[in-house]
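Novice: The structure's right below; bear with me while I get my questions together.
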Amino acid sequence: MTRAILSLGSNLGDRYAYLKEAVTQLGDSAVLMSGVYETPPWGDADQPAYLNAVVLAVDPAADPRSWLDRVRELEKAAGRARDPERRFGPRTLDVDVIAVWRDDDTPVLSDDEELTLPHPRAHLRAFVLKPWLDLQPYAQLPGHGWVTDLLNAPELTADANALTPRPDLPLESLA
Ligand SMILES: Nc1ncnc2c1ncn2[C@@H]1O[C@H](COP(=O)(O)OP(=O)(O)OP(=O)(O)O)[C@@H](O)[C@H]1O
Ligand SMILES: Nc1nc2c(c(=O)[nH]1)N=C(CO)CN2
């Protein structure tokens with residue numbers, strides 16, 4: 001059994017519908033959903049604002065690799081509309097595997113290009129860290145320490161302050 005923190009993002013089309021559909025497809029494995037946040041684009045400024053959220057997913061049958069297979073399926077179902085020339089460009093749905101833990105709570109570490117764990121840019125992204133804290137105030141990002149310390153780092157202050165909670169767009173009731 002493994003549990004995973006997954007991050008969801010969308011900035012094209014009906015953004016909320018894409019997030020809801022992803023949670024619905026995760027089904028019983030989606031155990032906890034964060035609030036949804038409206039977030040300015042990170043990494044490539046010339047695109048619309050994103051909706052972002054984080055999900056704690058648990059599955060007795062999932063090995064680390066199967067989380068990657070699942071997120072690819074979710075992105076495929078959302079049409080994966082994105083420009084291959086723009087690495088951090090707009091997309092209907094982006095689902096990243098942020099970190100995975102085994103049953104005994106040990107984190108899965110991987111430097112495989114296909115599945116790097118923890119996600120190599122998670123510690124730089126307020127749009128991942130802030131929603132994650134909603135779910136787990138004492139969360140630690142393996143190899144990087146407390147999520148709250150990462151979010152409060154001076155380099156992330158501007159990004160953290162620019163996140164807007166969207167309580168009008170709940171995901172909790174969908175699982
Ligand atoms: N932890 C991870 N979660 C999701 N994909 C990963 C991870 N580690 C490596 N990858 C690989 O990254 C590839 C590109 O993924 P994706 O299209 O989501 O990247 P991106 O959205 O452009 O950038 P980012 O991963 O920084 O959000 C995927 O095909 C996948 O195999
Ligand atoms: N705010 C925000 N910015 C992004 C996001 C995202 O989910 N939210 N995803 C990206 C894909 O790599 C690039 N930039």
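Following the order of the structure tokens, first chain is A, next is B, and so on, with residues numbered from 1 inside each chain and ligands from 1 in the order they appear.
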What parts of stretch 15-171 of chain A does DSSP call strand (DSSP E)? I'd like the answer as number ranges by chain.

Specialist: A: 30-33, 37-39, 50-59, 94-102, 110-111, 116-117, 140-141, 145-146, 164-165

Novice: Could you make a table, as CSV, of the residues of chain A that have an atom within 7 Å of an atom of ligand 1, each with its nearest atom pair and distance in Å to one decimal, counting only C-alpha atoms and all ligand atoms, in chain and number order?

Specialist:
```
residue,atom,partner,partner_atom_place_in_ligand_line,distance
A:Leu68,CA,ligand 1,4 (C),6.2
A:Arg87,CA,ligand 1,22 (O),4.7
A:Phe88,CA,ligand 1,22 (O),5.1
A:Asp94,CA,ligand 1,18 (O),5.6
A:Val95,CA,ligand 1,18 (O),6.2
A:Asp96,CA,ligand 1,3 (N),3.9
A:Val97,CA,ligand 1,3 (N),3.8
A:Ile98,CA,ligand 1,1 (N),5.4
A:Ala99,CA,ligand 1,1 (N),6.9
A:Glu113,CA,ligand 1,9 (C),5.2
A:Glu114,CA,ligand 1,31 (O),3.6
A:Leu115,CA,ligand 1,8 (N),3.5
A:Thr116,CA,ligand 1,8 (N),3.8
A:Leu117,CA,ligand 1,1 (N),5.2
A:Pro118,CA,ligand 1,1 (N),6.0
A:His119,CA,ligand 1,1 (N),4.1
A:Arg121,CA,ligand 1,26 (O),6.1
```

Novice: Kindly export the residues of the current selection with C-alpha atoms, as a PDB file, in the first residue's frame.

Specialist:
```
ATOM      1  CA  LEU A  68       2.201   8.025 -12.380  1.00  0.00           C
ATOM      2  CA  ARG A  87       7.368  23.658 -20.820  1.00  0.00           C
ATOM      3  CA  PHE A  88       5.322  25.473 -18.179  1.00  0.00           C
ATOM      4  CA  ASP A  94      -1.830  18.997 -14.933  1.00  0.00           C
ATOM      5  CA  VAL A  95      -1.558  16.344 -12.250  1.00  0.00           C
ATOM      6  CA  ASP A  96       1.802  15.865 -10.547  1.00  0.00           C
ATOM      7  CA  VAL A  97       2.848  13.189  -8.073  1.00  0.00           C
ATOM      8  CA  ILE A  98       4.365  15.326  -5.331  1.00  0.00           C
ATOM      9  CA  ALA A  99       5.468  12.569  -2.959  1.00  0.00           C
ATOM     10  CA  GLU A 113      13.286  10.960 -15.084  1.00  0.00           C
ATOM     11  CA  GLU A 114       9.890   9.362 -15.663  1.00  0.00           C
ATOM     12  CA  LEU A 115       8.967   9.516 -11.997  1.00  0.00           C
ATOM     13  CA  THR A 116      11.126  11.727  -9.810  1.00  0.00           C
ATOM     14  CA  LEU A 117      10.131  11.600  -6.150  1.00  0.00           C
ATOM     15  CA  PRO A 118       9.561  13.842  -4.460  1.00  0.00           C
ATOM     16  CA  HIS A 119       8.579  16.064  -7.394  1.00  0.00           C
ATOM     17  CA  ARG A 121       9.938  21.507  -8.204  1.00  0.00           C
TER      18      ARG A 121
END
```

Novice: Can you pull out every residue within 12 Å of A:Gly143, counting only C-alpha atoms, but drop anything in the same chain fewer than 4 positions away, and send it as a list in words?

Specialist: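 Near neighbours after the sequence-gap exclusion: Ala99, Thr106, Pro107, Val108, Leu109, Ser110, Leu117, Pro118, His119, Pro120, Ala122, His123, Val147 and Leu150 of chain A.
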
Novice: Keeping only C-alpha atoms, write the selected residues as a short mmCIF file (atom, residue, chain, number, x, y, z; two decimals), in the first residue's frame.

Specialist:
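part-v5.cif, written as the output of this step:
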```
data_model
loop_
_atom_site.label_atom_id
_atom_site.label_comp_id
_atom_site.auth_asym_id
_atom_site.auth_seq_id
_atom_site.Cartn_x
_atom_site.Cartn_y
_atom_site.Cartn_z
CA ALA A 99 5.47 12.57 -2.96
CA THR A 106 8.94 5.79 4.70
CA PRO A 107 9.02 8.15 1.72
CA VAL A 108 9.70 6.77 -1.74
CA LEU A 109 12.76 8.45 -3.26
CA SER A 110 13.43 8.24 -6.97
CA LEU A 117 10.13 11.60 -6.15
CA PRO A 118 9.56 13.84 -4.46
CA HIS A 119 8.58 16.06 -7.39
CA PRO A 120 11.70 18.13 -8.16
CA ALA A 122 7.37 21.02 -5.43
CA HIS A 123 9.45 22.92 -2.83
CA VAL A 147 6.08 22.34 4.29
CA LEU A 150 9.16 26.06 2.79
#
```

Novice: Of the candidates A:Leu51, A:Ala126, A:Leu156, A:Ala139, which one gets nearest to A:Asn11 if we count only C-alpha atoms?

Specialist: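 Looking only at the distances to A:Asn11, the closest residue turns out to be A:Leu51.
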
Novice: Measuring atom to atom with only C-alpha atoms, identify which of A:Leu124, A:Ala61, A:Ala45, A:Ile5 is nearest to A:Glu155.

Specialist: A:Leu124
